[in-house]
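S.K.: Please find one structure pasted underneath; my questions will follow.
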Amino acid sequence: MTRPDFRDDAPAPAPRPGGLAARALAASRPAAYLDGLNPEQRRAIETLDGPVLVLAGAGTGKTRVLTTRIAHIISTGRAYPSQILSVTFTNKAAREMKERIGGLLGDVAEGMPWLGTFHSICTKLLRRHAELVDLRSDFTILDTDDQIRLMKQVIAAADLDEKRWPARQLAMLIDSWKNRALTPKKVSAGEAMAFANGHGAELYAAYQARLKTLNACDFGDLLLEAIRLFQENPEVLAEYQKRFRYILVDEYQDTNVAQYLWLRLLAQRKGAAAPVRPDAITDDTGSPRPNICCVGDDDQSIYGWRGAEVDNILRFEHDFPGAAVIRLERNYRSTGHILATAAHLIANNEGRLGKTLFTDDEAGEKVTVTGAWDSEEEARLINDEIEAYQHKSHRLNEIAILVRASFQMREFEDRFVTTGVPYRVIGGPRFYERMEIRDAMAYLRLVNQPADDLAFERIYNTPKRGLGEAALGTFHAYARAAGVPLLEAARQLCQTEDLKPKVRQTVRDLTENFARWRANLETMRHTDLAEMILEESGYTDFWKKDRSAEAAGRLDNLKELIRSMEEFENLQGFLEHVSLVMDAAEGEAEDRVTIMTLHAAKGLEFETVFLPGWEEGLFPHQRALDENGRAGLEEERRLAYVGITRAKRRSKIYFATNRRMHGLWNATIPSRFIDELPEAHVEVTEAPGAGYGGYNRSHGGSRFDALQPFGGSSYATPGWQRAQTRSAPGPEARGKTGWAGGGARSAQPRLLEGELIAKSTGTPARFVAGTRVFHIKFGNGTVADVDGNKLTVDFDKAGRKMVLESFVQGG
DNA sequence: CGCTAGTCGGTTTTT
DNA sequence: CCGACTAGCG
């Protein structure tokens, strides 16, 4: 959060980049780290000149390629560690890479100053050149909470109704603009309309101005300001273009527009790049082609909703002409049936670069599909299966339940609590996002940086000390008038008569506390100081007095916070770390089943993977379909692909016929993704439990007929249409129409499904302009316009509204 | 200013 | 059905 680190890229002491002789030697006797690589991996590592795109399918050794490539660059003397830019998305990935490079090369990896997340690398750049982007090098990095608080102020300052225009929404909007590298000026009028009747861009500009006054950046700014730094200061850009002889990017399919632009700036090589040092050994013949290597998998792009552009990876060859494209298709993780199933499923997506995973491993167990009567039975079946594995001495750490939405987790937790199966849930609020940790952090931030107004606002009345909106208003007014930060304003106000005596005393105590704590900053050990602050502020007492169930846990967390500070030399170091690395290492010591979302599971692997909740509406999620049409569906399908490919030996899919959602029970139908699985590699198992007699398995035809909860109908209704029908309100309507798929689907499922999917974003035949419709909330009306699944309807009572097609019934 | 009864909404998540 | 957030009172 604060002090810059200028010592980051001291040249690596060893090994000295090898001379020609050393390289010749390396060529004649391949280095040990190249042993055991397959030809494609080897090509991905040894193709060092020019742009390279490595399409690394699930389980094909992606991290190994990345880390070995770096080791190779270093040990062949092509670059010092400090001349390699290597970006990841998560701190976890960065950590893992550092460890593995260390394993390959020994302690040289210590000298990889430019291996990190996009955000941490941008932070480093900005701290160095802060003055060029109107910041001071000790600028603060805001978290989401601070962001919202600031946004609220901006909205209030613009005299807008906070109810009508929630700060959260503006924050999301600005975030999405920043993801696309849109500065306030570049936001189009149409986009700006999305908030406060066209004031969106103005508010955005006002927010940015506030950030500058606060000497602060939000996460999006780290990227954007770094881009601005480069664009406005070509000499700075040139310095880094020269420095970074090699660029590596992990998970390229997840990059957003801003990250792409940032990379492109750095990768530009205008004309011949002169050797950085006279003794540098390089193949660089003056070619302007950048040595950028992006590794990713378009089939695992599941973050479109937060700004990732699959297009970046699809367009790579166009962006970097002459790029080598290397496909890693040999899978080292899963057995044959699992891979074949995943491949068949993902083949339903269009617009992919195309890869087919294969393995030399055995076929193994087939992927299973199991139906349950309801979500409770689903949990019971999975629990029982896990207990059976437990008795066969399977390790619980090698078993995971991967859900689409976190509300599904609860059912499993409930079940495991009663049966005593140990489990762990990944996700939920992370350590540094917990309220008590954020509060404590705000105290520390304010001691470290008395001008941190957002930290002040967070804790001036936490714990409760009788200061409210009124007091804060006084602080603000004074601060603005005097041009001082809030804490200083509060201190000075104690000298005046502006505060009521009682309030004045409280404020005086508070400001004096901060002065005292700050005086101890240099002398005391930072952990002791932190303990003292939490004690003297009354914060720990506040939780000790709290009798609620979670109070004890919160106190534990505070202790843990102090403990984690020990690893840092001082408070500044700790705060900087926390603002960027929001995760805390978690213990994996005990043997437990893991429950997590599919998103969280990307990059992980387990022997056995349970995939519950494969039902239309839940997976694919209705909202993904409604809001993003076919693109949304394809992303859901990639998510399914990610899920199946997490398994080393067993992938087990489940669906329930009834699921409770927001309190009430809904009849559901199996996911279209189940229809898309290849028959030869999938085994449909019957629920051994009772209470699942709803399916008629007596007739021949598609095995999936047995999975249909309802009998035949006059027309074959494919998955997406069933989903549409399902959303129509009223169980009676459903009962009459029925959703049976019928055997037609299994004949040529993909083609059929493909056609119908294509139609799903087009105009549904159900409604045309002029049709009379009924909406459960707005009543009767006439369709005025149709746009995909969105209807503009003139309601008799409610007026003109945009509604989703699935929420109205034909009149 | 702080508590409590009502309303509203309810994928996915990193930095 | 549950939790997060707000209006309105003590």
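By convention in this document, the chains of the structure tokens carry letters A, B, ... by their order, each chain's residues are numbered from 1, and ligands are numbered from 1 in the order they are shown.
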Listing only residues of chain B within 10 Å of chain A, what is the closest atom pair and its distance in Å (to one decimal) for each, using only C-alpha atoms (C1' of nucleotides), sorted by chain and residue number ascending, as CSV?

M.R.:
```
residue,atom,partner,partner_atom,distance
B:DC1,C1',A:Gly468,CA,6.6
B:DG2,C1',A:Gly466,CA,9.3
B:DG9,C1',A:His662,CA,9.4
B:DG10,C1',A:His662,CA,6.8
B:DT11,C1',A:Ala405,CA,5.7
B:DT12,C1',A:His599,CA,6.4
B:DT13,C1',A:Arg306,CA,8.1
B:DT14,C1',A:Thr90,CA,6.7
B:DT15,C1',A:Phe219,CA,6.0
```

S.K.: Got a sec: who's within 10 Å of DT6 of chain C, counting only C-alpha atoms (C1' of nucleotides), leaving out chain neighbours fewer than 4 positions off, as a list in words?

M.R.: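 Once the adjacent positions are removed, what remains is Lys163 of chain A; DG6 and DT7 of chain B.
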
S.K.: Save out the residues we just selected, C-alpha atoms (C1' of nucleotides), as a short mmCIF file (atom, residue, chain, number, x, y, z; two decimals), in the first residue's frame.

M.R.:
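So the final result, stored in again-v2.cif, reads:
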```cif
data_model
loop_
_atom_site.label_atom_id
_atom_site.label_comp_id
_atom_site.auth_asym_id
_atom_site.auth_seq_id
_atom_site.Cartn_x
_atom_site.Cartn_y
_atom_site.Cartn_z
CA LYS A 163 -31.53 4.91 -4.07
"C1'" DG B 6 -40.04 -4.70 6.84
"C1'" DT B 7 -38.43 -5.07 1.71
#
```

S.K.: Can you build me a table of chain C residues sitting at most 12 Å from chain A, with the closest atom pair per residue and its distance in Å to one decimal, using only C-alpha atoms (C1' of nucleotides), sorted by chain and residue number, as a tab-separated table?

M.R.:
```
residue	atom	partner	partner_atom	distance
C:DC1	C1'	A:Gly663	CA	3.8
C:DC2	C1'	A:Gly663	CA	8.2
C:DG3	C1'	A:His662	CA	11.4
C:DC5	C1'	A:Lys163	CA	11.3
C:DT6	C1'	A:Lys163	CA	9.8
```

S.K.: DSSP on the backbone: which residues in segment 292-474 of chain A end up as strand (DSSP E or B)? Give the answer as a list of chain:residue names.

M.R.: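 The residues of segment 292-474 of chain A classed as strand (DSSP E or B) are A:Ile292, A:Cys293, A:Cys294, A:Val295, A:Gly296, A:Ala324, A:Val325, A:Ile326, A:Arg327, A:Leu328, A:Arg330, A:Phe358, A:Val367, A:Thr368, A:Val369, A:Thr370, A:Gly371, A:Ala372, A:Trp373, A:Asp374, A:Ile399, A:Ala400, A:Ile401, A:Leu402, A:Val403, A:Tyr423, A:Arg424, A:Val425.
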
S.K.: Atom CA of Leu339 of chain A and atom CA of Glu635 of chain A are how many Å apart?

M.R.: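 Atom CA of Glu635 of chain A lies 18.7 Å from atom CA of Leu339 of chain A.
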
S.K.: How would you write, as a tab-separated table (two decimals) with N, CA, C and O atoms, in the first residue's frame, the set of residues in segment 465-617 of chain A that DSSP gives as helix (DSSP H, G or I)?

M.R.:
```tsv
chain	number	residue	atom	x	y	z
A	469	GLU	N	-23.08	10.26	11.33
A	469	GLU	CA	-23.09	11.06	10.11
A	469	GLU	C	-22.81	12.53	10.41
A	469	GLU	O	-22.08	13.20	9.67
A	470	ALA	N	-23.42	13.00	11.48
A	470	ALA	CA	-23.31	14.43	11.81
A	470	ALA	C	-21.84	14.81	12.04
A	470	ALA	O	-21.33	15.77	11.46
A	471	ALA	N	-21.19	14.01	12.88
A	471	ALA	CA	-19.78	14.29	13.18
A	471	ALA	C	-18.94	14.22	11.91
A	471	ALA	O	-18.12	15.10	11.64
A	472	LEU	N	-19.19	13.19	11.12
A	472	LEU	CA	-18.41	13.02	9.89
A	472	LEU	C	-18.59	14.22	8.97
A	472	LEU	O	-17.64	14.70	8.35
A	473	GLY	N	-19.83	14.70	8.90
A	473	GLY	CA	-20.12	15.87	8.07
A	473	GLY	C	-19.27	17.05	8.50
A	473	GLY	O	-18.70	17.77	7.66
A	474	THR	N	-19.16	17.26	9.82
A	474	THR	CA	-18.35	18.36	10.33
A	474	THR	C	-16.89	18.18	9.92
A	474	THR	O	-16.23	19.12	9.48
A	475	PHE	N	-16.40	16.94	10.07
A	475	PHE	CA	-15.02	16.66	9.68
A	475	PHE	C	-14.79	17.01	8.21
A	475	PHE	O	-13.82	17.65	7.84
A	476	HIS	N	-15.73	16.53	7.39
A	476	HIS	CA	-15.60	16.74	5.96
A	476	HIS	C	-15.55	18.22	5.61
A	476	HIS	O	-14.70	18.66	4.85
A	477	ALA	N	-16.48	18.97	6.20
A	477	ALA	CA	-16.57	20.40	5.91
A	477	ALA	C	-15.25	21.08	6.27
A	477	ALA	O	-14.68	21.84	5.48
A	478	TYR	N	-14.76	20.75	7.45
A	478	TYR	CA	-13.52	21.38	7.91
A	478	TYR	C	-12.34	20.97	7.03
A	478	TYR	O	-11.53	21.80	6.62
A	479	ALA	N	-12.32	19.67	6.72
A	479	ALA	CA	-11.21	19.14	5.92
A	479	ALA	C	-11.15	19.82	4.57
A	479	ALA	O	-10.09	20.19	4.09
A	480	ARG	N	-12.31	20.01	3.97
A	480	ARG	CA	-12.37	20.63	2.66
A	480	ARG	C	-11.89	22.08	2.75
A	480	ARG	O	-11.09	22.54	1.94
A	481	ALA	N	-12.41	22.77	3.78
A	481	ALA	CA	-12.08	24.18	3.92
A	481	ALA	C	-10.59	24.39	4.19
A	481	ALA	O	-9.95	25.27	3.62
A	482	ALA	N	-10.05	23.54	5.06
A	482	ALA	CA	-8.66	23.73	5.47
A	482	ALA	C	-7.67	22.99	4.56
A	482	ALA	O	-6.46	23.18	4.67
A	486	LEU	N	-8.96	14.02	6.80
A	486	LEU	CA	-10.01	13.94	7.81
A	486	LEU	C	-9.46	13.79	9.23
A	486	LEU	O	-9.95	14.42	10.17
A	487	LEU	N	-8.46	12.95	9.39
A	487	LEU	CA	-7.93	12.72	10.74
A	487	LEU	C	-7.38	14.03	11.31
A	487	LEU	O	-7.61	14.38	12.47
A	488	GLU	N	-6.67	14.75	10.48
A	488	GLU	CA	-6.11	16.03	10.90
A	488	GLU	C	-7.24	17.04	11.17
A	488	GLU	O	-7.19	17.78	12.16
A	489	ALA	N	-8.25	17.02	10.34
A	489	ALA	CA	-9.40	17.90	10.55
A	489	ALA	C	-10.03	17.62	11.90
A	489	ALA	O	-10.34	18.54	12.67
A	490	ALA	N	-10.19	16.33	12.19
A	490	ALA	CA	-10.79	15.95	13.48
A	490	ALA	C	-9.93	16.47	14.64
A	490	ALA	O	-10.46	16.99	15.63
A	491	ARG	N	-8.63	16.35	14.49
A	491	ARG	CA	-7.74	16.80	15.56
A	491	ARG	C	-7.89	18.30	15.78
A	491	ARG	O	-8.05	18.77	16.91
A	492	GLN	N	-7.86	19.03	14.67
A	492	GLN	CA	-7.93	20.48	14.80
A	492	GLN	C	-9.29	20.94	15.32
A	492	GLN	O	-9.39	21.94	16.03
A	493	LEU	N	-10.32	20.20	14.98
A	493	LEU	CA	-11.67	20.59	15.42
A	493	LEU	C	-11.81	20.54	16.94
A	493	LEU	O	-12.66	21.20	17.52
A	501	PRO	N	-19.33	19.19	23.55
A	501	PRO	CA	-18.28	18.77	24.49
A	501	PRO	C	-18.07	17.27	24.54
A	501	PRO	O	-16.93	16.79	24.52
A	502	LYS	N	-19.18	16.52	24.58
A	502	LYS	CA	-19.05	15.08	24.70
A	502	LYS	C	-18.37	14.48	23.46
A	502	LYS	O	-17.45	13.67	23.55
A	503	VAL	N	-18.83	14.94	22.33
A	503	VAL	CA	-18.26	14.47	21.07
A	503	VAL	C	-16.79	14.90	20.99
A	503	VAL	O	-15.92	14.12	20.58
A	504	ARG	N	-16.53	16.13	21.43
A	504	ARG	CA	-15.17	16.65	21.34
A	504	ARG	C	-14.20	15.76	22.11
A	504	ARG	O	-13.11	15.44	21.64
A	505	GLN	N	-14.64	15.34	23.30
A	505	GLN	CA	-13.76	14.50	24.11
A	505	GLN	C	-13.48	13.17	23.40
A	505	GLN	O	-12.34	12.70	23.36
A	506	THR	N	-14.52	12.58	22.82
A	506	THR	CA	-14.35	11.33	22.09
A	506	THR	C	-13.36	11.50	20.94
A	506	THR	O	-12.45	10.69	20.75
A	507	VAL	N	-13.55	12.58	20.20
A	507	VAL	CA	-12.70	12.83	19.04
A	507	VAL	C	-11.26	13.09	19.50
A	507	VAL	O	-10.31	12.60	18.89
A	508	ARG	N	-11.15	13.83	20.61
A	508	ARG	CA	-9.80	14.11	21.12
A	508	ARG	C	-9.09	12.81	21.50
A	508	ARG	O	-7.94	12.58	21.11
A	509	ASP	N	-9.81	11.94	22.22
A	509	ASP	CA	-9.21	10.65	22.58
A	509	ASP	C	-8.74	9.90	21.34
A	509	ASP	O	-7.63	9.38	21.30
A	510	LEU	N	-9.61	9.89	20.37
A	510	LEU	CA	-9.31	9.13	19.15
A	510	LEU	C	-8.07	9.68	18.44
A	510	LEU	O	-7.14	8.94	18.10
A	511	THR	N	-8.06	10.99	18.24
A	511	THR	CA	-6.93	11.57	17.49
A	511	THR	C	-5.64	11.47	18.29
A	511	THR	O	-4.56	11.26	17.74
A	512	GLU	N	-5.76	11.60	19.62
A	512	GLU	CA	-4.56	11.47	20.44
A	512	GLU	C	-4.02	10.04	20.37
A	512	GLU	O	-2.80	9.82	20.33
A	513	ASN	N	-4.94	9.09	20.35
A	513	ASN	CA	-4.52	7.70	20.18
A	513	ASN	C	-3.70	7.54	18.91
A	513	ASN	O	-2.62	6.95	18.93
A	514	PHE	N	-4.24	8.06	17.83
A	514	PHE	CA	-3.55	7.90	16.55
A	514	PHE	C	-2.17	8.58	16.56
A	514	PHE	O	-1.21	8.04	16.04
A	515	ALA	N	-2.11	9.73	17.19
A	515	ALA	CA	-0.82	10.43	17.27
A	515	ALA	C	0.18	9.57	18.03
A	515	ALA	O	1.34	9.43	17.63
A	516	ARG	N	-0.28	8.98	19.12
A	516	ARG	CA	0.61	8.17	19.94
A	516	ARG	C	1.06	6.91	19.19
A	516	ARG	O	2.23	6.56	19.17
A	517	TRP	N	0.07	6.26	18.54
A	517	TRP	CA	0.42	5.05	17.79
A	517	TRP	C	1.45	5.37	16.72
A	517	TRP	O	2.40	4.65	16.49
A	518	ARG	N	1.21	6.48	16.07
A	518	ARG	CA	2.12	6.85	14.98
A	518	ARG	C	3.52	7.16	15.51
A	518	ARG	O	4.52	6.83	14.86
A	519	ALA	N	3.55	7.73	16.69
A	519	ALA	CA	4.86	8.04	17.29
A	519	ALA	C	5.65	6.76	17.55
A	519	ALA	O	6.88	6.76	17.55
A	526	HIS	N	6.37	-3.97	14.73
A	526	HIS	CA	5.06	-3.69	14.13
A	526	HIS	C	3.96	-4.62	14.62
A	526	HIS	O	2.81	-4.22	14.71
A	527	THR	N	4.33	-5.84	14.99
A	527	THR	CA	3.30	-6.74	15.50
A	527	THR	C	2.80	-6.28	16.87
A	527	THR	O	1.61	-6.31	17.15
A	528	ASP	N	3.73	-5.83	17.70
A	528	ASP	CA	3.34	-5.34	19.02
A	528	ASP	C	2.48	-4.09	18.89
A	528	ASP	O	1.48	-3.92	19.59
A	529	LEU	N	2.90	-3.24	17.97
A	529	LEU	CA	2.15	-2.02	17.75
A	529	LEU	C	0.71	-2.34	17.30
A	529	LEU	O	-0.25	-1.77	17.82
A	530	ALA	N	0.59	-3.27	16.39
A	530	ALA	CA	-0.73	-3.65	15.91
A	530	ALA	C	-1.60	-4.16	17.05
A	530	ALA	O	-2.76	-3.80	17.18
A	531	GLU	N	-1.00	-4.98	17.88
A	531	GLU	CA	-1.74	-5.52	19.02
A	531	GLU	C	-2.20	-4.39	19.93
A	531	GLU	O	-3.34	-4.35	20.39
A	532	MET	N	-1.28	-3.45	20.14
A	532	MET	CA	-1.59	-2.31	21.00
A	532	MET	C	-2.74	-1.48	20.41
A	532	MET	O	-3.66	-1.09	21.12
A	533	ILE	N	-2.68	-1.27	19.12
A	533	ILE	CA	-3.73	-0.47	18.47
A	533	ILE	C	-5.09	-1.12	18.63
A	533	ILE	O	-6.07	-0.47	19.01
A	534	LEU	N	-5.15	-2.41	18.37
A	534	LEU	CA	-6.44	-3.10	18.45
A	534	LEU	C	-6.95	-3.11	19.88
A	534	LEU	O	-8.15	-3.01	20.13
A	535	GLU	N	-6.02	-3.21	20.82
A	535	GLU	CA	-6.38	-3.21	22.24
A	535	GLU	C	-6.90	-1.82	22.65
A	535	GLU	O	-8.01	-1.68	23.15
A	536	GLU	N	-6.09	-0.80	22.41
A	536	GLU	CA	-6.40	0.54	22.90
A	536	GLU	C	-7.55	1.21	22.17
A	536	GLU	O	-8.19	2.10	22.70
A	539	TYR	N	-11.14	-2.14	19.93
A	539	TYR	CA	-11.68	-3.03	18.90
A	539	TYR	C	-11.76	-4.48	19.36
A	539	TYR	O	-12.76	-5.16	19.13
A	540	THR	N	-10.72	-4.96	20.02
A	540	THR	CA	-10.79	-6.34	20.51
A	540	THR	C	-11.88	-6.49	21.57
A	540	THR	O	-12.63	-7.47	21.57
A	541	ASP	N	-11.98	-5.49	22.46
A	541	ASP	CA	-13.02	-5.54	23.49
A	541	ASP	C	-14.41	-5.61	22.87
A	541	ASP	O	-15.29	-6.32	23.34
A	542	PHE	N	-14.54	-4.85	21.80
A	542	PHE	CA	-15.82	-4.81	21.09
A	542	PHE	C	-16.27	-6.22	20.70
A	542	PHE	O	-17.42	-6.60	20.89
A	543	TRP	N	-15.35	-7.02	20.20
A	543	TRP	CA	-15.70	-8.39	19.83
A	543	TRP	C	-15.79	-9.30	21.04
A	543	TRP	O	-16.55	-10.25	21.06
A	544	LYS	N	-14.98	-9.02	22.06
A	544	LYS	CA	-15.06	-9.86	23.26
A	544	LYS	C	-16.43	-9.72	23.91
A	544	LYS	O	-16.96	-10.68	24.47
A	545	LYS	N	-16.98	-8.53	23.85
A	545	LYS	CA	-18.30	-8.30	24.45
A	545	LYS	C	-19.40	-8.89	23.59
A	545	LYS	O	-20.49	-9.18	24.08
A	551	ALA	N	-18.31	-14.29	16.99
A	551	ALA	CA	-17.37	-13.37	17.64
A	551	ALA	C	-16.03	-14.04	17.94
A	551	ALA	O	-14.96	-13.47	17.69
A	552	ALA	N	-16.10	-15.26	18.45
A	552	ALA	CA	-14.86	-15.96	18.81
A	552	ALA	C	-13.99	-16.17	17.58
A	552	ALA	O	-12.77	-15.96	17.63
A	553	GLY	N	-14.62	-16.55	16.49
A	553	GLY	CA	-13.89	-16.76	15.25
A	553	GLY	C	-13.23	-15.48	14.77
A	553	GLY	O	-12.11	-15.49	14.27
A	554	ARG	N	-13.92	-14.38	14.97
A	554	ARG	CA	-13.37	-13.09	14.53
A	554	ARG	C	-12.14	-12.73	15.36
A	554	ARG	O	-11.16	-12.20	14.82
A	555	LEU	N	-12.20	-13.00	16.64
A	555	LEU	CA	-11.03	-12.73	17.48
A	555	LEU	C	-9.86	-13.60	17.04
A	555	LEU	O	-8.71	-13.14	16.99
A	556	ASP	N	-10.18	-14.85	16.70
A	556	ASP	CA	-9.14	-15.74	16.19
A	556	ASP	C	-8.51	-15.15	14.93
A	556	ASP	O	-7.29	-15.17	14.76
A	557	ASN	N	-9.38	-14.64	14.06
A	557	ASN	CA	-8.87	-14.06	12.82
A	557	ASN	C	-7.94	-12.88	13.09
A	557	ASN	O	-6.94	-12.71	12.40
A	558	LEU	N	-8.29	-12.09	14.08
A	558	LEU	CA	-7.44	-10.95	14.41
A	558	LEU	C	-6.08	-11.43	14.90
A	558	LEU	O	-5.04	-10.88	14.53
A	559	LYS	N	-6.09	-12.48	15.71
A	559	LYS	CA	-4.82	-13.06	16.17
A	559	LYS	C	-4.01	-13.55	14.98
A	559	LYS	O	-2.81	-13.35	14.88
A	560	GLU	N	-4.73	-14.20	14.07
A	560	GLU	CA	-4.08	-14.73	12.87
A	560	GLU	C	-3.47	-13.60	12.04
A	560	GLU	O	-2.39	-13.73	11.47
A	561	LEU	N	-4.18	-12.48	12.02
A	561	LEU	CA	-3.68	-11.32	11.27
A	561	LEU	C	-2.34	-10.86	11.84
A	561	LEU	O	-1.38	-10.63	11.11
A	562	ILE	N	-2.29	-10.75	13.16
A	562	ILE	CA	-1.05	-10.32	13.82
A	562	ILE	C	0.07	-11.32	13.51
A	562	ILE	O	1.19	-10.94	13.20
A	563	ARG	N	-0.32	-12.61	13.59
A	563	ARG	CA	0.68	-13.64	13.34
A	563	ARG	C	1.24	-13.51	11.92
A	563	ARG	O	2.43	-13.61	11.69
A	564	SER	N	0.33	-13.25	10.97
A	564	SER	CA	0.79	-13.19	9.58
A	564	SER	C	1.67	-11.97	9.33
A	564	SER	O	2.43	-11.93	8.37
A	565	MET	N	1.57	-10.98	10.20
A	565	MET	CA	2.41	-9.79	10.04
A	565	MET	C	3.87	-10.08	10.34
A	565	MET	O	4.76	-9.36	9.89
A	571	LEU	N	5.51	-2.50	8.91
A	571	LEU	CA	4.10	-2.32	8.62
A	571	LEU	C	3.87	-2.01	7.14
A	571	LEU	O	2.96	-2.55	6.52
A	572	GLN	N	4.71	-1.17	6.58
A	572	GLN	CA	4.56	-0.80	5.17
A	572	GLN	C	4.59	-2.04	4.28
A	572	GLN	O	3.74	-2.21	3.41
A	573	GLY	N	5.58	-2.85	4.52
A	573	GLY	CA	5.73	-4.06	3.71
A	573	GLY	C	4.48	-4.92	3.79
A	573	GLY	O	4.00	-5.44	2.78
A	574	PHE	N	3.97	-5.04	5.00
A	574	PHE	CA	2.78	-5.85	5.20
A	574	PHE	C	1.58	-5.27	4.46
A	574	PHE	O	0.86	-5.98	3.77
A	575	LEU	N	1.39	-3.97	4.59
A	575	LEU	CA	0.22	-3.34	3.97
A	575	LEU	C	0.29	-3.44	2.45
A	575	LEU	O	-0.71	-3.70	1.79
A	576	GLU	N	1.45	-3.26	1.91
A	576	GLU	CA	1.61	-3.37	0.46
A	576	GLU	C	1.23	-4.78	0.00
A	576	GLU	O	0.53	-4.95	-0.98
A	577	HIS	N	1.70	-5.74	0.74
A	577	HIS	CA	1.41	-7.12	0.40
A	577	HIS	C	-0.10	-7.39	0.41
A	577	HIS	O	-0.65	-7.94	-0.53
A	578	VAL	N	-0.74	-6.95	1.48
A	578	VAL	CA	-2.15	-7.25	1.64
A	578	VAL	C	-3.00	-6.59	0.57
A	578	VAL	O	-3.96	-7.16	0.06
A	579	SER	N	-2.65	-5.37	0.18
A	579	SER	CA	-3.50	-4.69	-0.78
A	579	SER	C	-3.49	-5.39	-2.14
A	579	SER	O	-4.43	-5.27	-2.90
A	580	LEU	N	-2.46	-6.13	-2.41
A	580	LEU	CA	-2.40	-6.83	-3.69
A	580	LEU	C	-2.69	-8.31	-3.57
A	580	LEU	O	-3.28	-8.91	-4.45
A	598	LEU	N	-17.32	-24.44	-9.80
A	598	LEU	CA	-16.57	-24.83	-10.99
A	598	LEU	C	-15.52	-23.78	-11.33
A	598	LEU	O	-14.41	-24.12	-11.74
A	599	HIS	N	-15.88	-22.53	-11.15
A	599	HIS	CA	-14.92	-21.47	-11.46
A	599	HIS	C	-13.66	-21.61	-10.61
A	599	HIS	O	-12.54	-21.45	-11.10
A	600	ALA	N	-13.88	-21.88	-9.34
A	600	ALA	CA	-12.74	-21.96	-8.42
A	600	ALA	C	-11.88	-23.18	-8.72
A	600	ALA	O	-10.73	-23.26	-8.30
A	601	ALA	N	-12.44	-24.14	-9.45
A	601	ALA	CA	-11.73	-25.40	-9.66
A	601	ALA	C	-10.78	-25.36	-10.84
A	601	ALA	O	-9.96	-26.27	-11.02
```

S.K.: Could you work out how far atom CA of Phe230 of chain A lies from atom CA of Cys293 of chain A, giving the answer in Å with one decimal?

M.R.: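 Between atom CA of Cys293 of chain A and atom CA of Phe230 of chain A the gap works out to 20.9 Å.
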
S.K.: In Å, how far is it from atom CA of Glu365 of chain A to atom CA of Arg649 of chain A?

M.R.: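 Computing it gives 6.9 Å between the two atoms.
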
S.K.: Write out as a PyMOL selection string each polymer residue whose atoms come within 12 Å of Ala656 of chain A, counting only C-alpha atoms (C1' of nucleotides); drop sequence neighbours fewer than 4 positions from it.

M.R.: chain A and resi 369-381+408+611-616+618-619+660+665-671+687+691-692+694+707-709
